[in-house]
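A.B. asks: Structure supplied as model.txt; contents: compact mmCIF, C-alpha atoms.
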# COMPACT_ATOMS: atom_id res chain seq x y z
CA MET R 1 0.00 0.00 0.00
CA THR R 2 1.23 3.47 -0.87
CA THR R 3 2.24 5.42 2.18
CA TYR R 4 0.53 8.68 2.99
CA ASP R 5 2.51 11.92 3.15
CA ARG R 6 0.49 14.54 5.04
CA LYS R 7 2.26 17.33 3.17
CA VAL R 8 0.03 16.69 0.15
CA LEU R 9 -2.72 18.68 1.87
CA HIS R 10 -0.52 21.77 1.83
CA LYS R 11 -1.20 21.84 -1.92
CA MET R 12 -4.86 22.55 -1.47
CA SER R 13 -5.86 26.18 -2.03
CA TYR R 14 -7.86 28.41 0.29
CA GLY R 15 -8.87 31.98 0.89
CA LEU R 16 -8.83 33.51 4.37
CA TYR R 17 -11.98 34.54 6.19
CA VAL R 18 -13.17 36.10 9.43
CA VAL R 19 -15.99 33.91 10.73
CA THR R 20 -18.21 35.67 13.27
CA THR R 21 -21.32 35.04 15.28
CA GLU R 22 -23.45 36.41 18.11
CA PHE R 23 -25.43 34.66 20.81
CA ALA R 24 -27.30 36.28 23.68
CA GLY R 25 -25.23 39.44 23.49
CA ARG R 26 -21.87 37.63 23.23
CA VAL R 27 -19.98 38.13 19.99
CA ASN R 28 -16.88 36.37 18.77
CA GLY R 29 -14.95 35.61 15.62
CA GLN R 30 -12.00 33.66 14.33
CA ILE R 31 -9.86 33.25 11.23
CA ALA R 32 -10.73 30.29 9.00
CA ASP R 33 -9.50 28.97 5.69
CA ALA R 34 -11.67 25.86 5.26
CA VAL R 35 -14.68 27.50 3.63
CA MET R 36 -16.37 26.38 0.40
CA GLN R 37 -19.58 26.79 -1.58
CA VAL R 38 -21.85 23.74 -1.43
CA ASN R 39 -24.61 24.53 -3.89
CA ALA R 40 -26.12 27.39 -5.84
CA ALA R 41 -29.81 26.63 -6.19
CA PRO R 42 -32.40 27.10 -4.88
CA ARG R 43 -30.18 29.16 -2.59
CA GLN R 44 -26.44 29.51 -2.18
CA THR R 45 -25.01 27.52 0.70
CA VAL R 46 -21.52 27.51 2.14
CA ALA R 47 -19.77 24.90 4.30
CA LEU R 48 -17.00 25.65 6.78
CA SER R 49 -14.99 23.50 9.16
CA LEU R 50 -14.26 24.82 12.65
CA ASN R 51 -12.46 23.27 15.63
CA ASN R 52 -14.83 22.16 18.38
CA ASP R 53 -12.56 23.66 21.05
CA ASN R 54 -12.89 27.18 19.64
CA PHE R 55 -15.10 29.71 21.38
CA THR R 56 -16.59 30.78 18.04
CA THR R 57 -17.65 27.19 17.36
CA GLU R 58 -19.29 27.00 20.77
CA LEU R 59 -21.24 30.20 20.13
CA ILE R 60 -22.31 29.14 16.61
CA LYS R 61 -23.70 25.88 18.01
CA GLN R 62 -25.95 28.02 20.20
CA SER R 63 -26.75 30.88 17.83
CA GLY R 64 -27.21 28.87 14.63
CA ARG R 65 -26.02 31.91 12.65
CA ILE R 66 -22.78 32.75 10.87
CA ALA R 67 -21.27 35.74 9.12
CA ILE R 68 -18.23 35.36 6.88
CA SER R 69 -16.04 38.28 5.81
CA ILE R 70 -13.71 37.56 2.90
CA ILE R 71 -10.22 38.97 3.53
CA SER R 72 -8.62 40.71 0.55
CA GLN R 73 -5.01 41.08 -0.60
CA ASN R 74 -5.21 44.60 0.81
CA TYR R 75 -5.51 43.11 4.31
CA ASP R 76 -4.40 44.39 7.67
CA PRO R 77 -2.02 41.77 9.21
CA ALA R 78 -3.06 43.02 12.66
CA LEU R 79 -6.62 41.92 11.95
CA ILE R 80 -5.47 38.35 11.34
CA ALA R 81 -3.38 38.37 14.51
CA ASN R 82 -6.32 39.85 16.43
CA PHE R 83 -8.72 37.12 15.33
CA GLY R 84 -6.20 34.28 15.09
CA LEU R 85 -3.76 34.80 17.96
CA GLN R 86 -6.05 35.03 20.96
CA SER R 87 -9.21 33.42 22.26
CA GLY R 88 -12.46 35.36 22.54
CA ARG R 89 -12.82 33.79 25.98
CA ASP R 90 -10.05 36.13 27.18
CA ALA R 91 -10.33 39.18 24.94
CA ASP R 92 -12.90 41.29 23.11
CA LYS R 93 -11.72 40.79 19.56
CA PHE R 94 -13.94 43.60 18.28
CA ALA R 95 -12.38 46.28 20.48
CA ALA R 96 -9.53 46.98 18.07
CA PHE R 97 -11.54 46.18 14.92
CA PRO R 98 -15.10 47.47 15.29
CA ALA R 99 -17.49 45.49 13.12
CA LYS R 100 -20.72 46.44 11.41
CA LEU R 101 -23.83 44.58 12.45
CA THR R 102 -26.44 42.86 10.32
CA GLU R 103 -30.06 43.58 11.23
CA GLY R 104 -29.99 40.35 13.19
CA GLY R 105 -26.96 41.58 15.15
CA LEU R 106 -24.21 39.51 13.52
CA PRO R 107 -20.87 41.33 13.32
CA TYR R 108 -19.23 41.45 9.90
CA TYR R 109 -16.60 43.47 8.06
CA GLU R 110 -16.71 45.41 4.84
CA GLY R 111 -14.60 48.14 3.30
CA PRO R 112 -10.86 48.21 2.50
CA GLY R 113 -9.22 44.91 3.38
CA PHE R 114 -12.27 42.85 2.45
CA CYS R 115 -13.66 41.35 -0.76
CA GLY R 116 -17.18 40.93 0.57
CA TRP R 117 -19.25 39.35 3.30
CA LEU R 118 -22.23 37.05 3.67
CA ALA R 119 -24.43 35.97 6.55
CA GLY R 120 -27.21 33.53 7.26
CA PRO R 121 -28.55 30.65 9.30
CA VAL R 122 -26.87 27.29 9.88
CA ILE R 123 -28.98 24.72 8.02
CA GLU R 124 -26.86 21.60 8.56
CA ARG R 125 -24.19 20.50 10.99
CA LEU R 126 -21.88 17.49 10.93
CA THR R 127 -19.30 16.60 13.57
CA VAL R 128 -16.12 15.01 12.22
CA GLY R 129 -13.80 14.18 15.13
CA SER R 130 -12.19 17.36 16.41
CA HIS R 131 -14.10 19.61 14.02
CA THR R 132 -17.63 20.50 13.03
CA ILE R 133 -18.75 21.23 9.48
CA PHE R 134 -21.44 23.92 9.46
CA VAL R 135 -23.51 24.53 6.35
CA MET R 136 -25.01 28.02 6.18
CA ALA R 137 -27.50 29.49 3.74
CA ALA R 138 -26.46 32.91 2.45
CA GLU R 139 -29.32 35.35 3.08
CA GLU R 140 -27.47 38.66 3.32
CA GLY R 141 -24.22 39.74 1.77
CA GLN R 142 -22.43 41.94 -0.72
CA PRO R 143 -19.20 41.86 -2.72
CA GLY R 144 -16.62 44.25 -1.26
CA VAL R 145 -14.65 47.21 -2.51
CA ASP R 146 -11.45 45.20 -2.91
CA ALA R 147 -11.30 42.96 -5.95
CA GLU R 148 -8.70 40.34 -5.09
CA PRO R 149 -9.14 37.82 -2.28
CA LEU R 150 -6.17 36.96 -0.07
CA LEU R 151 -4.95 33.41 -0.59
CA TYR R 152 -3.84 31.46 2.44
CA ALA R 153 -0.65 30.48 0.59
CA ASP R 154 0.15 34.14 -0.14
CA TYR R 155 -0.47 35.05 3.47
CA LEU R 156 1.93 32.34 4.66
CA ALA R 157 4.59 33.39 2.16
CA LYS R 158 4.42 37.07 3.11
CA LYS R 159 4.27 36.26 6.80
CA THR R 160 7.28 33.96 6.72
CA ARG R 161 9.53 36.16 4.60
CA PRO R 162 9.85 39.26 6.80
CA GLN R 163 10.41 37.12 9.86
CA ALA R 164 13.19 35.23 8.14
CA GLU R 165 14.80 38.48 7.05
CA ALA R 166 14.51 40.01 10.49
CA ALA R 167 15.96 36.99 12.25
CA PRO R 168 18.26 35.06 9.92
CA ALA R 169 19.82 33.12 12.82
CA PRO R 170 17.21 31.81 15.26
CA ALA R 171 18.27 32.35 18.86
CA PRO R 172 19.26 29.18 20.72
CA ALA R 173 16.41 27.98 22.92
CA GLY R 174 18.19 25.71 25.35
CA ASP R 175 17.62 21.99 25.04
CA LYS R 176 14.05 22.19 23.80
CA PRO R 177 13.06 22.43 20.13
CA ARG R 178 10.52 25.14 19.36
CA TRP R 179 7.69 24.92 16.86
CA ARG R 180 5.62 27.75 15.43
CA CYS R 181 2.07 27.40 14.14
CA ARG R 182 2.11 28.45 10.51
CA VAL R 183 -1.47 29.67 10.81
CA CYS R 184 -1.57 31.85 13.90
CA GLY R 185 2.03 32.08 15.10
CA TYR R 186 1.57 30.24 18.41
CA VAL R 187 4.88 28.78 19.66
CA TYR R 188 5.19 25.34 21.28
CA GLU R 189 8.30 24.27 23.16
CA GLY R 190 9.44 20.66 23.31
CA GLU R 191 8.93 17.56 21.20
CA LEU R 192 5.72 18.05 19.23
CA PRO R 193 3.34 15.06 19.58
CA PRO R 194 1.99 13.87 16.19
CA ASP R 195 -1.59 14.35 17.36
CA TYR R 196 -0.92 17.84 18.74
CA ARG R 197 -3.42 20.57 17.90
CA CYS R 198 -2.77 24.29 18.11
CA PRO R 199 -4.56 25.57 21.24
CA ILE R 200 -5.30 28.90 19.55
CA CYS R 201 -6.46 28.13 16.03
CA GLY R 202 -6.90 24.37 16.17
CA VAL R 203 -4.74 23.18 13.25
CA GLY R 204 -2.77 19.94 13.53
CA ALA R 205 0.91 19.22 14.16
CA ASP R 206 1.62 19.17 10.42
CA MET R 207 0.98 22.91 10.31
CA PHE R 208 3.83 23.63 12.77
CA GLU R 209 7.30 24.49 11.57
CA ARG R 210 10.46 24.15 13.64
CA ILE R 211 12.03 27.52 14.49
CA MET C 1 -32.72 43.85 5.63
CA THR C 2 -29.61 43.98 3.50
CA THR C 3 -30.12 42.42 0.14
CA TYR C 4 -28.02 39.50 -0.98
CA ASP C 5 -25.79 39.78 -4.04
CA ARG C 6 -24.82 36.30 -5.23
CA LYS C 7 -21.62 37.64 -6.79
CA VAL C 8 -20.02 37.77 -3.34
CA LEU C 9 -19.36 34.02 -3.59
CA HIS C 10 -17.14 34.61 -6.62
CA LYS C 11 -14.64 36.07 -4.15
CA MET C 12 -14.09 32.78 -2.43
CA SER C 13 -10.87 31.00 -3.42
CA TYR C 14 -10.46 27.44 -4.63
CA GLY C 15 -8.01 25.07 -6.22
CA LEU C 16 -9.06 22.70 -9.00
CA TYR C 17 -9.16 18.96 -8.59
CA VAL C 18 -9.93 15.75 -10.47
CA VAL C 19 -12.20 13.68 -8.23
CA THR C 20 -12.28 9.99 -9.17
CA THR C 21 -13.77 6.75 -7.97
CA GLU C 22 -14.33 3.12 -8.92
CA PHE C 23 -17.23 0.79 -8.24
CA ALA C 24 -17.66 -2.74 -9.52
CA GLY C 25 -15.29 -2.17 -12.41
CA ARG C 26 -16.79 1.16 -13.45
CA VAL C 27 -14.52 4.17 -13.10
CA ASN C 28 -15.34 7.83 -13.47
CA GLY C 29 -14.08 11.25 -12.53
CA GLN C 30 -15.01 14.92 -12.65
CA ILE C 31 -13.54 18.35 -12.06
CA ALA C 32 -14.31 19.94 -8.67
CA ASP C 33 -13.31 23.12 -6.90
CA ALA C 34 -15.26 22.80 -3.62
CA VAL C 35 -12.70 20.77 -1.67
CA MET C 36 -11.37 21.58 1.80
CA GLN C 37 -9.53 20.01 4.71
CA VAL C 38 -11.78 19.28 7.71
CA ASN C 39 -9.39 18.18 10.43
CA ALA C 40 -5.82 17.04 10.93
CA ALA C 41 -5.88 14.67 13.89
CA PRO C 42 -6.14 11.79 14.55
CA ARG C 43 -6.23 11.56 10.78
CA GLN C 44 -6.51 14.08 7.98
CA THR C 45 -9.97 14.36 6.51
CA VAL C 46 -11.20 16.29 3.49
CA ALA C 47 -14.71 17.43 2.56
CA LEU C 48 -15.94 17.96 -0.98
CA SER C 49 -19.27 19.01 -2.45
CA LEU C 50 -20.55 17.24 -5.57
CA ASN C 51 -23.77 17.57 -7.54
CA ASN C 52 -26.17 14.69 -7.00
CA ASP C 53 -26.90 14.47 -10.72
CA ASN C 54 -23.28 13.71 -11.59
CA PHE C 55 -22.27 10.18 -12.50
CA THR C 56 -19.20 10.44 -10.27
CA THR C 57 -21.43 11.28 -7.30
CA GLU C 58 -23.60 8.28 -8.06
CA LEU C 59 -20.58 5.97 -8.17
CA ILE C 60 -19.08 7.40 -4.96
CA LYS C 61 -22.33 6.76 -3.12
CA GLN C 62 -21.92 3.10 -4.05
CA SER C 63 -18.15 2.73 -3.75
CA GLY C 64 -17.60 4.79 -0.59
CA ARG C 65 -14.13 5.68 -1.85
CA ILE C 66 -12.63 8.80 -3.38
CA ALA C 67 -9.34 9.83 -4.94
CA ILE C 68 -8.46 13.48 -5.42
CA SER C 69 -5.71 14.68 -7.77
CA ILE C 70 -4.61 18.29 -7.25
CA ILE C 71 -4.22 20.12 -10.56
CA SER C 72 -1.11 22.32 -10.84
CA GLN C 73 -0.40 25.56 -12.70
CA ASN C 74 1.42 23.40 -15.21
CA TYR C 75 -1.93 21.85 -16.18
CA ASP C 76 -3.18 20.46 -19.46
CA PRO C 77 -6.36 22.39 -20.45
CA ALA C 78 -7.52 19.31 -22.39
CA LEU C 79 -7.60 17.36 -19.13
CA ILE C 80 -10.05 19.83 -17.62
CA ALA C 81 -12.22 19.73 -20.74
CA ASN C 82 -12.07 15.93 -20.73
CA PHE C 83 -13.27 15.64 -17.13
CA GLY C 84 -15.51 18.72 -17.11
CA LEU C 85 -17.11 18.86 -20.56
CA GLN C 86 -18.68 15.43 -20.87
CA SER C 87 -20.46 12.90 -18.73
CA GLY C 88 -18.87 9.58 -17.83
CA ARG C 89 -22.21 8.02 -18.69
CA ASP C 90 -21.42 8.67 -22.37
CA ALA C 91 -17.65 8.55 -22.57
CA ASP C 92 -14.66 6.80 -21.04
CA LYS C 93 -12.88 9.77 -19.53
CA PHE C 94 -9.73 7.78 -18.89
CA ALA C 95 -9.20 6.82 -22.55
CA ALA C 96 -7.36 10.04 -23.39
CA PHE C 97 -5.82 10.47 -19.92
CA PRO C 98 -4.78 7.07 -18.55
CA ALA C 99 -4.70 7.11 -14.75
CA LYS C 100 -2.62 5.21 -12.25
CA LEU C 101 -4.46 2.93 -9.86
CA THR C 102 -4.20 2.68 -6.11
CA GLU C 103 -3.91 -0.84 -4.69
CA GLY C 104 -7.65 -0.66 -4.10
CA GLY C 105 -8.21 0.17 -7.79
CA LEU C 106 -8.99 3.89 -7.53
CA PRO C 107 -7.75 5.91 -10.52
CA TYR C 108 -5.61 8.94 -9.71
CA TYR C 109 -3.13 11.21 -11.43
CA GLU C 110 0.43 12.14 -10.59
CA GLY C 111 3.33 13.61 -12.52
CA PRO C 112 3.58 16.88 -14.50
CA GLY C 113 0.35 18.86 -14.26
CA PHE C 114 -0.38 17.74 -10.72
CA CYS C 115 0.61 18.90 -7.23
CA GLY C 116 -0.26 15.65 -5.54
CA TRP C 117 -3.04 13.18 -4.89
CA LEU C 118 -4.80 11.52 -1.99
CA ALA C 119 -7.27 8.68 -1.62
CA GLY C 120 -9.35 7.05 1.06
CA PRO C 121 -12.77 5.96 2.29
CA VAL C 122 -15.84 8.15 2.68
CA ILE C 123 -16.46 8.44 6.44
CA GLU C 124 -19.38 10.91 6.45
CA ARG C 125 -21.97 12.05 3.96
CA LEU C 126 -24.43 14.93 4.14
CA THR C 127 -27.02 15.82 1.50
CA VAL C 128 -27.65 19.55 1.08
CA GLY C 129 -30.31 20.08 -1.58
CA SER C 130 -28.83 19.50 -5.02
CA HIS C 131 -25.41 18.50 -3.66
CA THR C 132 -23.81 15.99 -1.33
CA ILE C 133 -20.90 16.77 0.97
CA PHE C 134 -18.61 13.75 1.25
CA VAL C 135 -15.99 13.61 3.98
CA MET C 136 -13.10 11.27 3.18
CA ALA C 137 -10.20 10.13 5.36
CA ALA C 138 -6.85 10.41 3.59
CA GLU C 139 -5.14 7.02 3.78
CA GLU C 140 -2.93 7.11 0.70
CA GLY C 141 -1.36 10.04 -1.09
CA GLN C 142 1.78 11.95 -1.99
CA PRO C 143 2.71 15.52 -2.89
CA GLY C 144 3.40 15.87 -6.61
CA VAL C 145 6.30 16.98 -8.74
CA ASP C 146 4.75 20.37 -9.49
CA ALA C 147 4.94 22.92 -6.69
CA GLU C 148 2.17 25.39 -7.43
CA PRO C 149 -1.51 24.47 -7.40
CA LEU C 150 -3.81 25.88 -10.06
CA LEU C 151 -6.31 28.35 -8.66
CA TYR C 152 -9.83 28.29 -10.02
CA ALA C 153 -9.66 32.07 -10.50
CA ASP C 154 -6.46 31.78 -12.55
CA TYR C 155 -8.00 29.04 -14.66
CA LEU C 156 -11.03 31.23 -15.40
CA ALA C 157 -8.85 34.24 -16.26
CA LYS C 158 -6.64 32.27 -18.64
CA LYS C 159 -9.59 30.48 -20.18
CA THR C 160 -11.55 33.64 -20.84
CA ARG C 161 -8.72 35.71 -22.28
CA PRO C 162 -7.77 33.69 -25.39
CA GLN C 163 -11.43 33.20 -26.28
CA ALA C 164 -12.04 36.94 -26.10
CA GLU C 165 -9.02 37.60 -28.30
CA ALA C 166 -10.02 34.98 -30.84
CA ALA C 167 -13.61 36.15 -31.07
CA PRO C 168 -13.95 39.84 -30.20
CA ALA C 169 -17.40 40.06 -31.80
CA PRO C 170 -19.67 37.19 -30.79
CA ALA C 171 -21.58 35.78 -33.73
CA PRO C 172 -25.29 36.66 -33.80
CA ALA C 173 -27.39 33.73 -32.60
CA GLY C 174 -30.82 34.57 -33.86
CA ASP C 175 -33.40 35.63 -31.32
CA LYS C 176 -32.11 33.52 -28.48
CA PRO C 177 -29.52 34.71 -25.98
CA ARG C 178 -26.69 32.23 -25.32
CA TRP C 179 -25.02 31.55 -22.00
CA ARG C 180 -21.75 29.77 -21.36
CA CYS C 181 -20.88 27.92 -18.16
CA ARG C 182 -17.78 29.56 -16.74
CA VAL C 183 -16.71 26.24 -15.24
CA CYS C 184 -16.98 23.69 -18.02
CA GLY C 185 -17.87 25.70 -21.14
CA TYR C 186 -21.32 24.19 -21.71
CA VAL C 187 -23.53 26.53 -23.78
CA TYR C 188 -27.24 27.09 -23.05
CA GLU C 189 -29.55 28.78 -25.53
CA GLY C 190 -32.55 30.86 -24.44
CA GLU C 191 -33.55 32.73 -21.30
CA LEU C 192 -31.63 31.21 -18.40
CA PRO C 193 -33.94 30.28 -15.49
CA PRO C 194 -32.59 31.52 -12.11
CA ASP C 195 -32.62 28.00 -10.70
CA TYR C 196 -30.87 26.52 -13.75
CA ARG C 197 -28.03 24.11 -13.14
CA CYS C 198 -25.34 23.16 -15.62
CA PRO C 199 -26.15 19.63 -16.84
CA ILE C 200 -22.46 18.83 -17.20
CA CYS C 201 -20.72 20.14 -14.11
CA GLY C 202 -23.66 21.07 -11.92
CA VAL C 203 -22.96 24.72 -11.07
CA GLY C 204 -25.81 27.22 -10.80
CA ALA C 205 -27.07 29.92 -13.12
CA ASP C 206 -24.84 32.52 -11.47
CA MET C 207 -21.83 30.77 -12.98
CA PHE C 208 -23.10 31.32 -16.54
CA GLU C 209 -21.98 34.30 -18.59
CA ARG C 210 -23.85 35.67 -21.60
CA ILE C 211 -21.93 35.20 -24.85
How would this structure read if it were set down as structure tokens?

C.D. replies:
Amino acid sequence: MTTYDRKVLHKMSYGLYVVTTEFAGRVNGQIADAVMQVNAAPRQTVALSLNNDNFTTELIKQSGRIAISIISQNYDPALIANFGLQSGRDADKFAAFPAKLTEGGLPYYEGPGFCGWLAGPVIERLTVGSHTIFVMAAEEGQPGVDAEPLLYADYLAKKTRPQAEAAPAPAPAGDKPRWRCRVCGYVYEGELPPDYRCPICGVGADMFERI
Amino acid sequence: MTTYDRKVLHKMSYGLYVVTTEFAGRVNGQIADAVMQVNAAPRQTVALSLNNDNFTTELIKQSGRIAISIISQNYDPALIANFGLQSGRDADKFAAFPAKLTEGGLPYYEGPGFCGWLAGPVIERLTVGSHTIFVMAAEEGQPGVDAEPLLYADYLAKKTRPQAEAAPAPAPAGDKPRWRCRVCGYVYEGELPPDYRCPICGVGADMFERI
């Protein structure tokens, strides 16, 4: 039997999105890449995969509503850090980046830095191990002022380059190896277990790079 | 309430993939863009959305197995036409593009034109109107020789440009307007119903452009 090399999944292409929700006056959001259209008729539906440990996932399970803002190439890196580097359990992610609200009270983003947004109810839900696939029906939404969506691969490339230039020789870190999450930047010290998941953004060990 | 503009979904980013299966000696495949990773641990899983009317979908429902080949920027346009422009009910799609076979007999592609492939069993299935979301567990697979995946947006841009250059003035077509599927090239004559779906690749009316 052919062996499986997990790196093949790095060749799949994604945009980057801010996924937001509101339940009983609590709002939260997170960065996601696993977002795709499911069908187009009679209405457009979109599926997204979120980690069950995330606060946003918890809120969506209660609210049954999702807004998705599509990040553009003209993005603010601080926005991605804001929504990807911390948990909404500890911080108000909308303090630094005030959102607009749909009539139903869902926060979303539009304007420079975004290619558009959409919002609607969760119509299906499927748990797959550590993650849940939510299917939402788009009921509100508009294309944005920016034309070109940010690709996850472009984000990673831009993010990695300046860091490498700024620190060509990584500082020694004692006996322990250090690993950085390629998605949100979280750093883990020690031997990385194969089943490790990033505590911030939920991706697996294969998304960590040794630093 | 904010209105909904379906064009917002054109800002979502995708790769392009050949999705293949085998059941009881019958093989088929189709082009898909709606493919995303679901989780990474304990095993990597991938979700994809396929139209229920497609022959590939029908076979996957029986076989419970899927192979996905990731198309690269070094792609052969004839491959996409072969898998996107005709139905496997009428033609042997592998005649012009012979595939390799996994040990379990699933056809897949590797080599120039591909960034990698993966294959495995369907572990979850969710019907959403016209489409079915399949979740597969990756059990076999390798990154490919080509480094850069083809983006659906790049494919559309390249595909549209030469046609526009070759035919700057569309030929008159009598009284009937003509619409071309931006995904597979299928042409529809007459007024396009809003709930129309491409009979070849299954996308909705919003993916048709007037020609």

A.B. asks: Measuring atom to atom with only C-alpha atoms, identify which of R:Ala91, R:Val38, R:Ile66, R:Ala81 is nearest to chain C.

C.D. replies: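 Under the stated criterion, the closest residue is R:Val38.
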
A.B. asks: Between atom CA of R:Tyr17 and atom CA of R:Tyr196, measure the distance and give it in Å to one decimal.

C.D. replies: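 Atom CA of R:Tyr17 sits 23.6 Å away from atom CA of R:Tyr196.
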
A.B. asks: Can you tell me which residues surround R:Asn39 at a distance of at most 10 Å, considering only C-alpha atoms, apart from same-chain residues fewer than 3 positions away, and format the answer as a PyMOL selection string?

C.D. replies: (chain R and resi 36+42-47+137) or (chain C and resi 34+49-51+128-133+197+202-204)

A.B. asks: May I ask you to extract the residues of chain C within 6 Å of chain R, using all atoms listed in the file, and to give them as a PyMOL selection string?

C.D. replies: chain C and resi 2-5+8+13-15+34+36+38+40-42+49+116+139-143+195+204

A.B. asks: Quick one: distance from atom CA of C:Tyr186 to atom CA of C:Leu85 in Å, one decimal?

C.D. replies: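 Rounded to one decimal, the two atoms are 6.9 Å apart.
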
A.B. asks: Can you tell me how far atom CA of C:Gly29 sits from atom CA of C:Lys93, in Å to one decimal?

C.D. replies: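 It comes out at 7.3 Å.
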
A.B. asks: Using only C-alpha atoms, which of C:Ala96, C:Ala67, C:Leu192, C:Glu22 sits nearest C:Phe83?

C.D. replies: C:Ala96

A.B. asks: Kindly indicate which residue among C:Lys61, C:Lys158, C:Arg182, C:Arg210 lies nearest to C:Val122, using all atoms listed in the file for the distances.

C.D. replies: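 Ranking C:Lys61, C:Lys158, C:Arg182, C:Arg210 by distance to C:Val122, first place goes to C:Lys61.
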
A.B. asks: Can you pull out the residues contacting R:Phe55? Cut-off 9 Å, using only C-alpha atoms, and skip same-chain residues under 5 positions away; I want them as a list in words.

C.D. replies: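 In the requested form, the answer reads Asn28, Gly29, Gln30, Ile60, Ser87, Gly88 and Arg89 of chain R.
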
A.B. asks: Can you put N, CA and C atoms back into stretch 133-149 of chain R and show it as a PDB file, keeping the file's coordinate frame?

C.D. replies:
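For reference, out-v1.pdb as written:
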ATOM      1  N   ILE R 133     -18.414  20.576  10.737  1.00  0.00           N
ATOM      2  CA  ILE R 133     -18.750  21.230   9.480  1.00  0.00           C
ATOM      3  C   ILE R 133     -20.114  21.887   9.645  1.00  0.00           C
ATOM      4  N   PHE R 134     -20.171  23.202   9.476  1.00  0.00           N
ATOM      5  CA  PHE R 134     -21.440  23.920   9.460  1.00  0.00           C
ATOM      6  C   PHE R 134     -21.782  24.259   8.014  1.00  0.00           C
ATOM      7  N   VAL R 135     -23.043  24.068   7.655  1.00  0.00           N
ATOM      8  CA  VAL R 135     -23.510  24.530   6.350  1.00  0.00           C
ATOM      9  C   VAL R 135     -24.458  25.694   6.598  1.00  0.00           C
ATOM     10  N   MET R 136     -24.153  26.848   6.019  1.00  0.00           N
ATOM     11  CA  MET R 136     -25.010  28.020   6.180  1.00  0.00           C
ATOM     12  C   MET R 136     -25.646  28.410   4.859  1.00  0.00           C
ATOM     13  N   ALA R 137     -26.834  28.973   4.935  1.00  0.00           N
ATOM     14  CA  ALA R 137     -27.500  29.490   3.740  1.00  0.00           C
ATOM     15  C   ALA R 137     -27.273  30.991   3.691  1.00  0.00           C
ATOM     16  N   ALA R 138     -26.757  31.484   2.573  1.00  0.00           N
ATOM     17  CA  ALA R 138     -26.460  32.910   2.450  1.00  0.00           C
ATOM     18  C   ALA R 138     -27.764  33.693   2.252  1.00  0.00           C
ATOM     19  N   GLU R 139     -28.086  34.569   3.182  1.00  0.00           N
ATOM     20  CA  GLU R 139     -29.320  35.350   3.080  1.00  0.00           C
ATOM     21  C   GLU R 139     -29.040  36.846   2.958  1.00  0.00           C
ATOM     22  N   GLU R 140     -27.901  37.268   3.461  1.00  0.00           N
ATOM     23  CA  GLU R 140     -27.470  38.660   3.320  1.00  0.00           C
ATOM     24  C   GLU R 140     -26.036  38.625   2.831  1.00  0.00           C
ATOM     25  N   GLY R 141     -25.609  39.702   2.175  1.00  0.00           N
ATOM     26  CA  GLY R 141     -24.220  39.740   1.770  1.00  0.00           C
ATOM     27  C   GLY R 141     -24.007  40.577   0.528  1.00  0.00           C
ATOM     28  N   GLN R 142     -22.797  41.081   0.399  1.00  0.00           N
ATOM     29  CA  GLN R 142     -22.430  41.940  -0.720  1.00  0.00           C
ATOM     30  C   GLN R 142     -20.967  41.717  -1.075  1.00  0.00           C
ATOM     31  N   PRO R 143     -20.618  41.812  -2.368  1.00  0.00           N
ATOM     32  CA  PRO R 143     -19.200  41.860  -2.720  1.00  0.00           C
ATOM     33  C   PRO R 143     -18.584  43.127  -2.129  1.00  0.00           C
ATOM     34  N   GLY R 144     -17.273  43.114  -1.921  1.00  0.00           N
ATOM     35  CA  GLY R 144     -16.620  44.250  -1.260  1.00  0.00           C
ATOM     36  C   GLY R 144     -15.939  45.187  -2.224  1.00  0.00           C
ATOM     37  N   VAL R 145     -15.321  46.215  -1.672  1.00  0.00           N
ATOM     38  CA  VAL R 145     -14.650  47.210  -2.510  1.00  0.00           C
ATOM     39  C   VAL R 145     -13.366  46.663  -3.114  1.00  0.00           C
ATOM     40  N   ASP R 146     -12.689  45.764  -2.371  1.00  0.00           N
ATOM     41  CA  ASP R 146     -11.450  45.200  -2.910  1.00  0.00           C
ATOM     42  C   ASP R 146     -11.781  44.045  -3.842  1.00  0.00           C
ATOM     43  N   ALA R 147     -10.976  43.947  -4.920  1.00  0.00           N
ATOM     44  CA  ALA R 147     -11.300  42.960  -5.950  1.00  0.00           C
ATOM     45  C   ALA R 147     -10.667  41.602  -5.701  1.00  0.00           C
ATOM     46  N   GLU R 148      -9.465  41.583  -5.123  1.00  0.00           N
ATOM     47  CA  GLU R 148      -8.700  40.340  -5.090  1.00  0.00           C
ATOM     48  C   GLU R 148      -8.667  39.713  -3.698  1.00  0.00           C
ATOM     49  N   PRO R 149      -9.181  38.488  -3.584  1.00  0.00           N
ATOM     50  CA  PRO R 149      -9.140  37.820  -2.280  1.00  0.00           C
ATOM     51  C   PRO R 149      -7.715  37.416  -1.890  1.00  0.00           C
TER      52      PRO R 149
END
